[in-house]
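Structure first, then comments.
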Amino acid sequence: MMLKTNLKKENNHFDFRNGILHVEELSVVDLAKATKTPFYVYSTGALEDSYNALSNSLKGLNHSIYYSVKSNSNLAVLRVLTLLGSGMDVVSGGEYLRARKVGVAGEKIVFSGVGKTSEEMELALTQGIRQFNVESVPEILQLNSIAARLGKIAPVSIRVNPDVNARTHEKIMTGKSENKFGIPITQAEEAYKMAGDLRNISIVGIDVHIGSQITDLTPFKKAFQKIRELVGSLRNLDHEIRRVDIGGGLGISYSKNRKNPISPNDFSKMLASIFGGMDLEIQIEPGRYISGNSGLLITSVIYMKEGTDHNFLIIDAGMNDLMRPALYDASHEFIPVLSSSESEFGIEVNVVGPICESSDTFSRKTVLPRLLAGDLLAIYSAGAYGAVMASEYNTRPLIPELLVKGNRSSIIRARPDIFETINRDQIPYWLR
């Protein structure tokens, strides 16, 4: 069979030149010589293009963008987006401090998350915040108490759970009644009345987020139509609703031959059809849509193991480096870094890592050319929920992250020395 490049044709930030995969103007082979595999590499141009495509599509709406830091929280990535004008959506005090570190004003940070601590609330109230997306009555009461102690007024949007099936993986659905997120939409008016009576709470809007990696407009439409009706009801009750935070969730393509399943223009037209003419600011919190297809995980083949029923291609990246396949049964494209214009017969392999778990399997029955020890592979669509979810399981240090811009590259997170990892543990004095 002919060896394919396994790259989407419209993406020119990861392409082949003279048979070698490049990130922008730099050869992956050269990057791998300078940085031992496995490592993540991100394209500045891809980040910029994804952000700008979404931003441009929304120009006809009163809108603002808050990048979802949890999808990729590297400071360099955040800085690229900050320079484009993005605000930040954070879900922890640590993410809040990352956003502040790269120059984001507190007033451009939205604090989401179902379990904010008192310390996190105080941090944001002290250093500045656009709004808290609050998710329960106890959280509202706690926030009011802390704001009163600090002499502050806390701006809030109440997250409403619309009980809509997002038609995505069950572990990344957040808008069904059985999910832990938000206040049931049937209890929303009561929650807004309670919050409106508190002295140190200022209601500014409504928040909704139904899930991640959504590939169909229908669930969005169902949820947003419910929110539109709720806006009208709350305004009739004299609540000043100025903003609707619609969360994120726009899915991306993990296939080499397909465009993203929802175009930003179609998404924006849908928003305009539902919220147009309501005098609302639409806040959006994209994460995966911006960073997902902006990064690769580069790995090397350790060896091929021929089994009774399967051939196993063992690579040096493990499930601790990229958790998504083990956690969500997610599928990523594998791209041989060296391409050939000649016909090559491929073999069917299960691509697996070195971790001592059967779940350390990246793909099954994948056809790849016959690869040898040391050959390089790129794992595509690895820019979101990759490095941020990594661990040191099996005492494997976190792997490096690189950022490329044109013909320049920089290590934006270095691989720690193995003894840095080991020496964080402390043996108690009575065992020495």
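Residues are named by chain letter and number: chains run A, B, ... in the order of the structure tokens, numbers start at 1 in each chain, and ligands are numbered from 1 in the order shown.
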
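The protein and nucleic acid residues lying at most 12 Å from Glu107 (chain A) are A:Tyr66, A:Ser86, A:Gly87, A:Met88, A:Asp89, A:Tyr96, A:Ala99, A:Arg100, A:Ala124, A:Leu125, A:Thr126, A:Gln127, A:Gly128, A:Ile129, A:Arg130, A:Gln131, A:Phe132, A:Ala154, A:Pro155, with only C-alpha atoms considered and sequence neighbours fewer than 5 positions away removed.
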
- Message: I'd like the contact shell of region 409-418 of chain A - 6 Å cut-off, only C-alpha atoms, skipping same-chain residues fewer than 5 positions apart - returned as a list in words.
- Response: Leu398, Ile399, Pro400, Glu401, Leu402, Leu403 and Val404 of chain A

- Message: Please identify the strand (DSSP E) residues within region 272-306 of chain A (assignment by DSSP from backbone atoms) and present them as a PyMOL selection string.
- Response: chain A and resi 281-284+295-306

- Item | Every residue of region 90-320 of chain A that DSSP places in alpha helix (DSSP H), as a PyMOL selection string | chain A and resi 93-101+118-127+137-150+188-196+217-236+264-275+288-291

Report the closest atom pair, with its distance in Å rounded to one decimal, for each residue of region 189-253 of chain A that has an atom no farther than 12 Å from region 328-336 of chain A; count only C-alpha atoms, sort by chain and then rising residue number, and write it as a tab-separated table.
```
residue	atom	partner	partner_atom	distance
A:Ser212	CA	A:Tyr328	CA	11.7
A:Gln213	CA	A:Ala330	CA	10.8
A:Ile252	CA	A:His332	CA	11.6
A:Ser253	CA	A:His332	CA	9.8
```

- Message: Would you pick out the contacts of Ser359 (chain A) at 7 Å or less, using only C-alpha atoms, so that residues sharing its chain but fewer than 2 positions from it are not included, and give the list as a ChimeraX atom specification?
- Response: /A:326,357,361

Print the selection's residues with N, CA and C atoms to a file, as a PDB file, in the first residue's frame.
```
ATOM      1  N   ALA A 326      -6.337   6.075  26.993  1.00  0.00           N
ATOM      2  CA  ALA A 326      -6.659   5.186  28.105  1.00  0.00           C
ATOM      3  C   ALA A 326      -7.905   5.649  28.845  1.00  0.00           C
ATOM      4  N   GLU A 357       0.621  -1.424  32.168  1.00  0.00           N
ATOM      5  CA  GLU A 357      -0.837  -1.465  32.207  1.00  0.00           C
ATOM      6  C   GLU A 357      -1.330  -1.867  30.818  1.00  0.00           C
ATOM      7  N   THR A 361      -2.469   1.547  25.684  1.00  0.00           N
ATOM      8  CA  THR A 361      -2.632   1.226  24.269  1.00  0.00           C
ATOM      9  C   THR A 361      -3.168   2.454  23.556  1.00  0.00           C
TER      10      THR A 361
END
```

- Query: Please, what distance in Å, to one decimal, runs between CA of Glu48 (chain A) and CA of Met323 (chain A)?
  - Reply: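 Those two atoms sit 25.5 Å apart.
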
- Query: Quick one: residues within 9 Å of Val208 (chain A), only C-alpha atoms counted, chain neighbours fewer than 6 positions away excluded, as a ChimeraX atom specification?
  - Reply: /A:158-162,175,182,223-224,227,244-247

Keeping only C-alpha atoms, take the residues you just selected and write them out as an mmCIF file, in the first residue's frame.
```cif
data_model
loop_
_atom_site.group_PDB
_atom_site.id
_atom_site.type_symbol
_atom_site.label_atom_id
_atom_site.label_comp_id
_atom_site.auth_asym_id
_atom_site.auth_seq_id
_atom_site.Cartn_x
_atom_site.Cartn_y
_atom_site.Cartn_z
ATOM 1 C CA ILE A 158 -24.957 31.126 37.745
ATOM 2 C CA ARG A 159 -24.180 27.971 35.835
ATOM 3 C CA VAL A 160 -27.401 26.331 34.736
ATOM 4 C CA ASN A 161 -27.638 22.648 33.901
ATOM 5 C CA PRO A 162 -30.090 22.421 30.948
ATOM 6 C CA GLY A 175 -24.990 19.223 30.851
ATOM 7 C CA GLY A 182 -24.515 23.558 37.562
ATOM 8 C CA ALA A 223 -29.262 24.103 25.299
ATOM 9 C CA PHE A 224 -29.069 27.683 24.032
ATOM 10 C CA ILE A 227 -31.072 29.593 28.022
ATOM 11 C CA VAL A 244 -24.511 34.651 28.511
ATOM 12 C CA ASP A 245 -21.424 32.509 28.970
ATOM 13 C CA ILE A 246 -21.935 29.588 26.574
ATOM 14 C CA GLY A 247 -18.826 27.642 27.651
#
```

- Item | Nearest to Asp30 (chain A), chosen from A:Ser136, A:Ser202, A:Thr366, A:Asn407, with only C-alpha atoms counted in the distances |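 Once distances to Asp30 (chain A) are computed over only C-alpha atoms, the minimum belongs to A:Asn407.
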
- From A:Leu75, A:Leu123, A:Val351, A:Leu297, residue lying nearest Gly93 (chain A) [only C-alpha atoms]: A:Leu123

- Message: When you look at region 115-120 of chain A with a cut-off of 8 Å (counting only C-alpha atoms), what residues show up, excluding the ones that are within fewer than 2 positions of it in the same chain? I need them as JSON, numbers by chain.
- Response: {"A": [91, 92, 93, 113, 122, 123, 124, 139, 142, 143, 146]}

Go ahead and save the picked residues with C-alpha atoms, as a PDB file, in the first residue's frame.
```pdb
ATOM      1  CA  VAL A  91     -10.849  26.376  37.092  1.00  0.00           C
ATOM      2  CA  SER A  92      -8.294  26.630  39.901  1.00  0.00           C
ATOM      3  CA  GLY A  93      -6.174  29.105  41.790  1.00  0.00           C
ATOM      4  CA  GLY A 113     -15.349  25.050  38.371  1.00  0.00           C
ATOM      5  CA  GLU A 122     -10.219  35.290  48.084  1.00  0.00           C
ATOM      6  CA  LEU A 123      -7.364  35.213  45.571  1.00  0.00           C
ATOM      7  CA  ALA A 124      -9.622  36.217  42.691  1.00  0.00           C
ATOM      8  CA  GLU A 139     -20.973  28.159  46.709  1.00  0.00           C
ATOM      9  CA  GLN A 142     -19.687  31.063  50.684  1.00  0.00           C
ATOM     10  CA  LEU A 143     -18.645  33.577  48.028  1.00  0.00           C
ATOM     11  CA  ILE A 146     -15.883  36.001  51.735  1.00  0.00           C
TER      12      ILE A 146
END
```
